[in-house]
$ cat structure.cif   # mmCIF, C-alpha atoms, pLDDT in the B column; chains and numbers go by the auth columns
data_query
#
loop_
_atom_site.group_PDB
_atom_site.id
_atom_site.type_symbol
_atom_site.label_atom_id
_atom_site.label_comp_id
_atom_site.label_asym_id
_atom_site.label_seq_id
_atom_site.Cartn_x
_atom_site.Cartn_y
_atom_site.Cartn_z
_atom_site.B_iso_or_equiv
_atom_site.auth_seq_id
_atom_site.auth_asym_id
ATOM 1 C CA MET A 1 38.750 59.688 25.780 57.00 857 L
ATOM 2 C CA GLU A 2 39.186 58.116 22.395 70.00 858 L
ATOM 3 C CA LYS A 3 42.586 57.095 21.025 77.00 859 L
ATOM 4 C CA SER A 4 41.856 58.911 17.762 92.00 860 L
ATOM 5 C CA GLU A 5 41.263 62.159 19.685 94.00 861 L
ATOM 6 C CA MET A 6 44.538 61.770 21.535 93.00 862 L
ATOM 7 C CA ALA A 7 46.256 61.170 18.192 94.00 863 L
ATOM 8 C CA VAL A 8 44.859 64.507 16.974 96.00 864 L
ATOM 9 C CA VAL A 9 46.125 66.292 20.088 97.00 865 L
ATOM 10 C CA ALA A 10 49.531 64.558 19.912 96.00 866 L
ATOM 11 C CA ARG A 11 49.948 65.493 16.252 96.00 867 L
ATOM 12 C CA HIS A 12 49.627 69.171 17.175 96.00 868 L
ATOM 13 C CA MET A 13 52.052 68.915 20.116 96.00 869 L
ATOM 14 C CA LYS A 14 55.137 68.748 17.901 95.00 870 L
ATOM 15 C CA ASN A 15 55.677 72.498 17.501 95.00 871 L
ATOM 16 C CA ALA A 16 55.612 75.413 19.905 95.00 872 L
ATOM 17 C CA PRO A 17 53.353 77.123 20.502 97.00 873 L
ATOM 18 C CA VAL A 18 50.833 74.288 20.261 98.00 874 L
ATOM 19 C CA ASP A 19 48.003 75.343 17.930 98.00 875 L
ATOM 20 C CA LEU A 20 44.954 74.811 20.143 98.00 876 L
ATOM 21 C CA GLU A 21 42.511 76.241 17.626 97.00 877 L
ATOM 22 C CA ALA A 22 43.668 73.677 15.047 98.00 878 L
ATOM 23 C CA ILE A 23 43.008 70.933 17.620 98.00 879 L
ATOM 24 C CA PHE A 24 39.515 72.296 18.291 98.00 880 L
ATOM 25 C CA LYS A 25 38.763 72.493 14.581 97.00 881 L
ATOM 26 C CA GLU A 26 39.933 68.947 13.933 97.00 882 L
ATOM 27 C CA LEU A 27 37.952 67.603 16.908 97.00 883 L
ATOM 28 C CA GLY A 28 34.825 69.538 15.884 97.00 884 L
ATOM 29 C CA ILE A 29 34.791 71.683 19.029 98.00 885 L
ATOM 30 C CA GLU A 30 33.506 75.226 18.666 98.00 886 L
ATOM 31 C CA TYR A 31 35.897 77.771 20.214 98.00 887 L
ATOM 32 C CA GLN A 32 34.851 81.233 21.385 97.00 888 L
ATOM 33 C CA GLU A 33 36.500 84.160 23.120 97.00 889 L
ATOM 34 C CA LEU A 34 33.763 86.019 25.002 95.00 890 L
ATOM 35 C CA TRP A 35 33.412 88.558 27.765 93.00 891 L
ATOM 36 C CA LEU A 36 32.740 86.261 30.713 87.00 892 L
ATOM 37 C CA GLU A 37 31.890 87.795 34.054 82.00 893 L
ATOM 38 C CA ASP A 38 33.745 86.094 36.930 82.00 894 L
ATOM 39 C CA ALA A 39 34.778 83.118 34.789 88.00 895 L
ATOM 40 C CA SER A 40 37.967 82.145 32.987 92.00 896 L
ATOM 41 C CA GLY A 41 36.312 79.621 30.730 92.00 897 L
ATOM 42 C CA SER A 42 33.608 77.063 30.182 92.00 898 L
ATOM 43 C CA ILE A 43 32.780 73.916 28.308 92.00 899 L
ATOM 44 C CA THR A 44 29.222 73.397 27.148 90.00 900 L
ATOM 45 C CA ARG A 45 27.593 70.297 25.726 90.00 901 L
ATOM 46 C CA ASN A 46 24.554 70.655 23.524 88.00 902 L
ATOM 47 C CA GLY A 47 23.565 67.235 22.237 87.00 903 L
ATOM 48 C CA ASP A 48 26.691 65.787 20.662 88.00 904 L
ATOM 49 C CA SER A 49 28.292 69.209 20.142 93.00 905 L
ATOM 50 C CA PHE A 50 30.771 70.912 22.463 95.00 906 L
ATOM 51 C CA THR A 51 31.717 74.565 22.805 95.00 907 L
ATOM 52 C CA ILE A 52 34.741 75.864 24.675 96.00 908 L
ATOM 53 C CA ALA A 53 34.657 79.517 25.655 96.00 909 L
ATOM 54 C CA VAL A 54 37.400 81.574 27.283 96.00 910 L
ATOM 55 C CA ASN A 55 37.316 85.030 28.801 95.00 911 L
ATOM 56 C CA ALA A 56 38.365 87.540 26.118 96.00 912 L
ATOM 57 C CA LEU A 57 39.301 90.029 28.841 95.00 913 L
ATOM 58 C CA GLU A 58 42.187 87.899 30.087 94.00 914 L
ATOM 59 C CA SER A 59 45.731 87.870 28.688 94.00 915 L
ATOM 60 C CA GLU A 60 46.529 85.774 25.630 96.00 916 L
ATOM 61 C CA ASN A 61 48.642 83.407 27.738 96.00 917 L
ATOM 62 C CA ARG A 62 45.828 82.958 30.249 94.00 918 L
ATOM 63 C CA ARG A 63 43.296 82.344 27.447 96.00 919 L
ATOM 64 C CA ARG A 64 45.583 79.685 25.945 97.00 920 L
ATOM 65 C CA PHE A 65 45.960 77.841 29.230 96.00 921 L
ATOM 66 C CA THR A 66 42.230 78.098 29.971 95.00 922 L
ATOM 67 C CA ALA A 67 41.436 76.760 26.491 97.00 923 L
ATOM 68 C CA ALA A 68 43.787 73.815 27.110 97.00 924 L
ATOM 69 C CA HIS A 69 42.167 73.272 30.525 95.00 925 L
ATOM 70 C CA GLU A 70 38.718 73.097 28.923 95.00 926 L
ATOM 71 C CA LEU A 71 40.117 70.778 26.227 97.00 927 L
ATOM 72 C CA ALA A 72 41.323 68.510 29.044 96.00 928 L
ATOM 73 C CA HIS A 73 37.783 68.478 30.464 94.00 929 L
ATOM 74 C CA TYR A 74 36.547 67.484 27.000 95.00 930 L
ATOM 75 C CA LEU A 75 39.098 64.681 26.700 95.00 931 L
ATOM 76 C CA MET A 76 38.790 63.330 30.236 93.00 932 L
ATOM 77 C CA HIS A 77 35.489 64.439 31.748 90.00 933 L
ATOM 78 C CA ARG A 78 32.941 65.082 29.012 90.00 934 L
ATOM 79 C CA ASP A 79 30.879 62.137 30.230 86.00 935 L
ATOM 80 C CA LEU A 80 30.190 64.284 33.310 85.00 936 L
ATOM 81 C CA LEU A 81 28.467 66.834 31.077 85.00 937 L
ATOM 82 C CA GLY A 82 25.520 64.514 30.559 80.00 938 L
ATOM 83 C CA ASP A 83 24.248 62.150 27.951 70.00 939 L
ATOM 84 C CA GLY A 84 23.782 64.696 25.170 64.00 940 L
ATOM 85 C CA LYS A 85 19.984 64.833 25.417 65.00 941 L
ATOM 86 C CA ARG A 86 20.029 68.350 26.857 60.00 942 L
ATOM 87 C CA MET A 87 22.517 71.161 27.323 58.00 943 L
ATOM 88 C CA HIS A 88 25.028 70.854 30.148 71.00 944 L
ATOM 89 C CA ARG A 89 27.701 73.379 31.057 72.00 945 L
ATOM 90 C CA HIS A 90 30.714 73.552 33.350 77.00 946 L
ATOM 91 C CA ILE A 91 32.188 76.948 34.215 79.00 947 L
ATOM 92 C CA ASP A 92 35.670 77.464 35.604 75.00 948 L
ATOM 93 C CA ASN A 93 35.609 80.370 38.031 70.00 949 L
ATOM 94 C CA LEU A 94 37.964 83.277 37.590 50.00 950 L
ATOM 95 C CA TYR A 95 39.274 82.905 41.120 50.00 951 L
ATOM 96 C CA GLY A 96 39.241 79.120 41.386 52.00 952 L
ATOM 97 C CA GLY A 97 37.276 76.915 43.701 49.00 953 L
ATOM 98 C CA GLU A 98 34.232 74.773 43.148 46.00 954 L
ATOM 99 C CA GLN A 99 30.957 76.337 42.206 48.00 955 L
ATOM 100 C CA PRO A 100 28.223 75.510 44.708 47.00 956 L
ATOM 101 C CA GLU A 101 25.847 74.519 41.909 48.00 957 L
ATOM 102 C CA ASP A 102 28.435 72.316 40.201 53.00 958 L
ATOM 103 C CA LEU A 103 27.882 69.002 41.915 63.00 959 L
ATOM 104 C CA VAL A 104 29.629 66.977 39.224 75.00 960 L
ATOM 105 C CA PHE A 105 33.065 68.530 38.717 79.00 961 L
ATOM 106 C CA LYS A 106 35.183 68.274 41.854 84.00 962 L
ATOM 107 C CA ARG A 107 38.561 69.661 42.839 85.00 963 L
ATOM 108 C CA ALA A 108 40.236 66.446 41.615 90.00 964 L
ATOM 109 C CA HIS A 109 38.775 67.023 38.128 89.00 965 L
ATOM 110 C CA GLU A 110 40.157 70.571 38.098 90.00 966 L
ATOM 111 C CA ILE A 111 43.610 69.430 39.228 92.00 967 L
ATOM 112 C CA GLU A 112 43.650 66.755 36.530 95.00 968 L
ATOM 113 C CA ALA A 113 42.519 69.275 33.880 93.00 969 L
ATOM 114 C CA ASN A 114 45.313 71.673 34.910 94.00 970 L
ATOM 115 C CA ARG A 115 47.910 68.894 34.735 95.00 971 L
ATOM 116 C CA ILE A 116 46.745 67.786 31.292 96.00 972 L
ATOM 117 C CA ALA A 117 46.515 71.385 30.061 97.00 973 L
ATOM 118 C CA ALA A 118 50.151 71.929 31.071 97.00 974 L
ATOM 119 C CA GLN A 119 51.151 68.751 29.217 97.00 975 L
ATOM 120 C CA ILE A 120 49.296 69.910 26.100 98.00 976 L
ATOM 121 C CA VAL A 121 50.624 73.478 25.879 98.00 977 L
ATOM 122 C CA MET A 122 54.085 72.575 27.225 98.00 978 L
ATOM 123 C CA PRO A 123 54.818 69.090 25.843 98.00 979 L
ATOM 124 C CA LYS A 124 57.631 67.319 27.678 97.00 980 L
ATOM 125 C CA LYS A 125 59.726 66.513 24.574 96.00 981 L
ATOM 126 C CA LEU A 126 59.476 70.077 23.254 97.00 982 L
ATOM 127 C CA ILE A 127 60.270 71.572 26.648 97.00 983 L
ATOM 128 C CA GLU A 128 63.341 69.345 27.010 97.00 984 L
ATOM 129 C CA LYS A 129 64.503 70.221 23.491 96.00 985 L
ATOM 130 C CA GLU A 130 64.048 73.973 23.977 96.00 986 L
ATOM 131 C CA HIS A 131 65.484 73.893 27.508 97.00 987 L
ATOM 132 C CA ALA A 132 68.670 72.382 26.066 96.00 988 L
ATOM 133 C CA GLN A 133 68.950 75.535 23.926 95.00 989 L
ATOM 134 C CA THR A 134 68.112 78.072 26.644 95.00 990 L
ATOM 135 C CA THR A 135 67.301 77.993 30.331 95.00 991 L
ATOM 136 C CA ASP A 136 65.802 81.495 30.249 97.00 992 L
ATOM 137 C CA VAL A 137 62.313 80.998 31.681 97.00 993 L
ATOM 138 C CA THR A 138 60.923 84.181 30.130 97.00 994 L
ATOM 139 C CA GLU A 139 62.161 83.149 26.686 97.00 995 L
ATOM 140 C CA LEU A 140 60.744 79.638 27.067 97.00 996 L
ATOM 141 C CA ALA A 141 57.395 80.998 28.281 97.00 997 L
ATOM 142 C CA ALA A 142 57.168 83.306 25.262 97.00 998 L
ATOM 143 C CA LYS A 143 58.011 80.460 22.861 97.00 999 L
ATOM 144 C CA PHE A 144 55.226 78.266 24.288 98.00 1000 L
ATOM 145 C CA GLY A 145 52.690 81.081 24.738 97.00 1001 L
ATOM 146 C CA VAL A 146 52.335 80.601 28.495 96.00 1002 L
ATOM 147 C CA SER A 147 52.994 82.710 31.558 94.00 1003 L
ATOM 148 C CA LYS A 148 56.378 82.717 33.214 95.00 1004 L
ATOM 149 C CA ALA A 149 54.762 81.208 36.323 94.00 1005 L
ATOM 150 C CA ALA A 150 53.253 78.338 34.301 95.00 1006 L
ATOM 151 C CA MET A 151 56.625 77.656 32.679 97.00 1007 L
ATOM 152 C CA GLU A 152 58.396 77.688 36.049 96.00 1008 L
ATOM 153 C CA ILE A 153 55.937 75.112 37.403 95.00 1009 L
ATOM 154 C CA ARG A 154 56.295 72.912 34.304 96.00 1010 L
ATOM 155 C CA LEU A 155 60.099 73.031 34.426 97.00 1011 L
ATOM 156 C CA LYS A 156 60.015 72.106 38.091 96.00 1012 L
ATOM 157 C CA THR A 157 57.576 69.259 37.416 95.00 1013 L
ATOM 158 C CA LEU A 158 59.920 67.919 34.718 96.00 1014 L
ATOM 159 C CA GLY A 159 62.951 68.213 37.017 95.00 1015 L
ATOM 160 C CA LEU A 160 64.523 70.919 34.858 95.00 1016 L
ATOM 161 C CA ALA A 161 64.506 73.680 37.492 83.00 1017 L
ATOM 162 C CA GLY A 162 65.713 73.898 41.074 62.00 1018 L
#
$ encode --input "structure.cif" --output "structure tokens"
Amino acid sequence: MEKSEMAVVARHMKNAPVDLEAIFKELGIEYQELWLEDASGSITRNGDSFTIAVNALESENRRRFTAAHELAHYLMHRDLLGDGKRMHRHIDNLYGGEQPEDLVFKRAHEIEANRIAAQIVMPKKLIEKEHAQTTDVTELAAKFGVSKAAMEIRLKTLGLAG
């Protein structure tokens, strides 16, 4: 991960909902919403180019989180997608779990990508600021464009929920 890339991400984490497509555009990542069978999303490397795809059949909130999850793979794990000389792809299954053919990405990578995705779409400072205004989880989830369940987990992680 390059500091300049993190600066791009951080710059877009100042307003809710975080504009993921603006991040992708600034980082030069192609973003697609496609009909994916049995997958929530994927990140593909073709040479020095990266494409993030999410399942168009899923809810907007789910697509946002999946897109952030794939962004986290780009930021933290893109070296695992090969050296850029040929196309490499990682698919995140719809129902979780490791893919048998995916010998590179392990459960620890997926956990880290989920944690970073939550930090991107629900930035700590913004959550604390908005939580001071309202503790209504449904309202907070709507403001950040995430599911109620995702917001509940984030609030708990930040020590803002019981």
$ resolve_selection --input "structure.cif" --expression "the PyMOL selection byres ((chain L and resi 1010-1017) around 9)" --output "PDB file with C-alpha atoms, in the coordinates of the input"
ATOM      1  CA  ALA L 974      50.151  71.929  31.071  1.00 97.00           C
ATOM      2  CA  GLN L 975      51.151  68.751  29.217  1.00 97.00           C
ATOM      3  CA  MET L 978      54.085  72.575  27.225  1.00 98.00           C
ATOM      4  CA  LYS L 980      57.631  67.319  27.678  1.00 97.00           C
ATOM      5  CA  ILE L 983      60.270  71.572  26.648  1.00 97.00           C
ATOM      6  CA  GLU L 984      63.341  69.345  27.010  1.00 97.00           C
ATOM      7  CA  HIS L 987      65.484  73.893  27.508  1.00 97.00           C
ATOM      8  CA  THR L 991      67.301  77.993  30.331  1.00 95.00           C
ATOM      9  CA  VAL L 993      62.313  80.998  31.681  1.00 97.00           C
ATOM     10  CA  ALA L1005      54.762  81.208  36.323  1.00 94.00           C
ATOM     11  CA  ALA L1006      53.253  78.338  34.301  1.00 95.00           C
ATOM     12  CA  MET L1007      56.625  77.656  32.679  1.00 97.00           C
ATOM     13  CA  GLU L1008      58.396  77.688  36.049  1.00 96.00           C
ATOM     14  CA  ILE L1009      55.937  75.112  37.403  1.00 95.00           C
ATOM     15  CA  GLY L1018      65.713  73.898  41.074  1.00 62.00           C
TER      16      GLY L1018
END
$ closest_residue --input "structure.cif" --among "L:Asp992, L:Glu914, L:Asp948, L:Asp894" --to "Lys962 in chain L" --atoms "all atoms listed in the file"
L:Asp948
$ closest_atom_pairs --input "structure.cif" --of "range 891-1009 of chain L" --to "range 861-868 of chain L" --cutoff "10 Å" --atoms "only C-alpha atoms" --output "tab-separated table"
residue	atom	partner	partner_atom	distance
L:Leu927	CA	L:Val865	CA	9.7
L:Leu931	CA	L:Glu861	CA	7.8
L:Ile976	CA	L:Val865	CA	7.7
L:Val977	CA	L:His868	CA	9.8
L:Pro979	CA	L:Ala866	CA	9.1
$ resolve_selection --input "structure.cif" --expression "the PyMOL selection byres ((chain L and resi 922) around 12)" --output "number ranges by chain"
L: 876, 887-889, 895-899, 908-912, 914-921, 923-929, 947-950, 952, 966, 969-974, 976-977, 1002-1003, 1006
$ atom_distance --input "structure.cif" --atom1 "CA of Glu858 in chain L" --atom2 "CA of Glu968 in chain L"
17.2 Å
$ axis_aligned_box --input "structure.cif" --around "range 989-996 of chain L" --padding-each-side "4 Å" --output "lines of an AutoDock Vina configuration file"
center_x = 64.8
center_y = 79.9
center_z = 27.8
size_x = 16.2
size_y = 16.6
size_z = 15.8
$ decode --input "structure.cif" --residues "range 898-920 of chain L" --atoms "N, CA and C atoms" --output "PDB file, in the first residue's frame"
ATOM      1  N   SER L 898     -15.380  -9.280  -6.940  1.00  0.00           N
ATOM      2  CA  SER L 898     -14.068  -9.779  -7.362  1.00  0.00           C
ATOM      3  C   SER L 898     -13.140  -8.611  -7.603  1.00  0.00           C
ATOM      4  N   ILE L 899     -11.854  -8.925  -7.553  1.00  0.00           N
ATOM      5  CA  ILE L 899     -10.829  -7.979  -7.972  1.00  0.00           C
ATOM      6  C   ILE L 899      -9.952  -8.716  -8.972  1.00  0.00           C
ATOM      7  N   THR L 900      -9.727  -8.069 -10.102  1.00  0.00           N
ATOM      8  CA  THR L 900      -8.963  -8.674 -11.183  1.00  0.00           C
ATOM      9  C   THR L 900      -7.797  -7.770 -11.535  1.00  0.00           C
ATOM     10  N   ARG L 901      -6.645  -8.393 -11.721  1.00  0.00           N
ATOM     11  CA  ARG L 901      -5.461  -7.665 -12.185  1.00  0.00           C
ATOM     12  C   ARG L 901      -5.159  -8.106 -13.598  1.00  0.00           C
ATOM     13  N   ASN L 902      -4.994  -7.131 -14.470  1.00  0.00           N
ATOM     14  CA  ASN L 902      -4.595  -7.399 -15.844  1.00  0.00           C
ATOM     15  C   ASN L 902      -3.439  -6.452 -16.141  1.00  0.00           C
ATOM     16  N   GLY L 903      -2.227  -6.981 -16.045  1.00  0.00           N
ATOM     17  CA  GLY L 903      -1.047  -6.119 -16.173  1.00  0.00           C
ATOM     18  C   GLY L 903      -0.974  -5.208 -14.970  1.00  0.00           C
ATOM     19  N   ASP L 904      -0.945  -3.911 -15.213  1.00  0.00           N
ATOM     20  CA  ASP L 904      -0.908  -2.939 -14.119  1.00  0.00           C
ATOM     21  C   ASP L 904      -2.283  -2.350 -13.827  1.00  0.00           C
ATOM     22  N   SER L 905      -3.314  -2.888 -14.472  1.00  0.00           N
ATOM     23  CA  SER L 905      -4.678  -2.390 -14.290  1.00  0.00           C
ATOM     24  C   SER L 905      -5.462  -3.303 -13.357  1.00  0.00           C
ATOM     25  N   PHE L 906      -6.390  -2.698 -12.604  1.00  0.00           N
ATOM     26  CA  PHE L 906      -7.229  -3.452 -11.682  1.00  0.00           C
ATOM     27  C   PHE L 906      -8.694  -3.136 -11.947  1.00  0.00           C
ATOM     28  N   THR L 907      -9.523  -4.163 -11.830  1.00  0.00           N
ATOM     29  CA  THR L 907     -10.966  -4.004 -11.974  1.00  0.00           C
ATOM     30  C   THR L 907     -11.630  -4.604 -10.747  1.00  0.00           C
ATOM     31  N   ILE L 908     -12.530  -3.845 -10.157  1.00  0.00           N
ATOM     32  CA  ILE L 908     -13.352  -4.331  -9.052  1.00  0.00           C
ATOM     33  C   ILE L 908     -14.761  -4.484  -9.593  1.00  0.00           C
ATOM     34  N   ALA L 909     -15.320  -5.664  -9.378  1.00  0.00           N
ATOM     35  CA  ALA L 909     -16.696  -5.935  -9.798  1.00  0.00           C
ATOM     36  C   ALA L 909     -17.505  -6.376  -8.589  1.00  0.00           C
ATOM     37  N   VAL L 910     -18.748  -5.925  -8.528  1.00  0.00           N
ATOM     38  CA  VAL L 910     -19.669  -6.351  -7.475  1.00  0.00           C
ATOM     39  C   VAL L 910     -20.936  -6.895  -8.118  1.00  0.00           C
ATOM     40  N   ASN L 911     -21.635  -7.715  -7.375  1.00  0.00           N
ATOM     41  CA  ASN L 911     -22.837  -8.369  -7.866  1.00  0.00           C
ATOM     42  C   ASN L 911     -23.999  -7.376  -7.914  1.00  0.00           C
ATOM     43  N   ALA L 912     -24.446  -7.056  -9.120  1.00  0.00           N
ATOM     44  CA  ALA L 912     -25.532  -6.090  -9.328  1.00  0.00           C
ATOM     45  C   ALA L 912     -26.859  -6.575  -8.753  1.00  0.00           C
ATOM     46  N   LEU L 913     -26.966  -7.862  -8.479  1.00  0.00           N
ATOM     47  CA  LEU L 913     -28.214  -8.419  -7.960  1.00  0.00           C
ATOM     48  C   LEU L 913     -28.368  -8.220  -6.448  1.00  0.00           C
ATOM     49  N   GLU L 914     -27.313  -7.796  -5.794  1.00  0.00           N
ATOM     50  CA  GLU L 914     -27.378  -7.599  -4.348  1.00  0.00           C
ATOM     51  C   GLU L 914     -27.836  -6.182  -4.018  1.00  0.00           C
ATOM     52  N   SER L 915     -28.224  -5.955  -2.765  1.00  0.00           N
ATOM     53  CA  SER L 915     -28.712  -4.644  -2.344  1.00  0.00           C
ATOM     54  C   SER L 915     -27.619  -3.591  -2.474  1.00  0.00           C
ATOM     55  N   GLU L 916     -28.022  -2.339  -2.556  1.00  0.00           N
ATOM     56  CA  GLU L 916     -27.061  -1.246  -2.680  1.00  0.00           C
ATOM     57  C   GLU L 916     -26.082  -1.251  -1.505  1.00  0.00           C
ATOM     58  N   ASN L 917     -26.587  -1.466  -0.298  1.00  0.00           N
ATOM     59  CA  ASN L 917     -25.716  -1.490   0.876  1.00  0.00           C
ATOM     60  C   ASN L 917     -24.693  -2.613   0.783  1.00  0.00           C
ATOM     61  N   ARG L 918     -25.139  -3.780   0.335  1.00  0.00           N
ATOM     62  CA  ARG L 918     -24.235  -4.920   0.196  1.00  0.00           C
ATOM     63  C   ARG L 918     -23.189  -4.646  -0.886  1.00  0.00           C
ATOM     64  N   ARG L 919     -23.614  -4.043  -2.001  1.00  0.00           N
ATOM     65  CA  ARG L 919     -22.663  -3.701  -3.072  1.00  0.00           C
ATOM     66  C   ARG L 919     -21.604  -2.723  -2.572  1.00  0.00           C
ATOM     67  N   ARG L 920     -22.029  -1.738  -1.775  1.00  0.00           N
ATOM     68  CA  ARG L 920     -21.083  -0.757  -1.229  1.00  0.00           C
ATOM     69  C   ARG L 920     -20.043  -1.433  -0.345  1.00  0.00           C
TER      70      ARG L 920
END
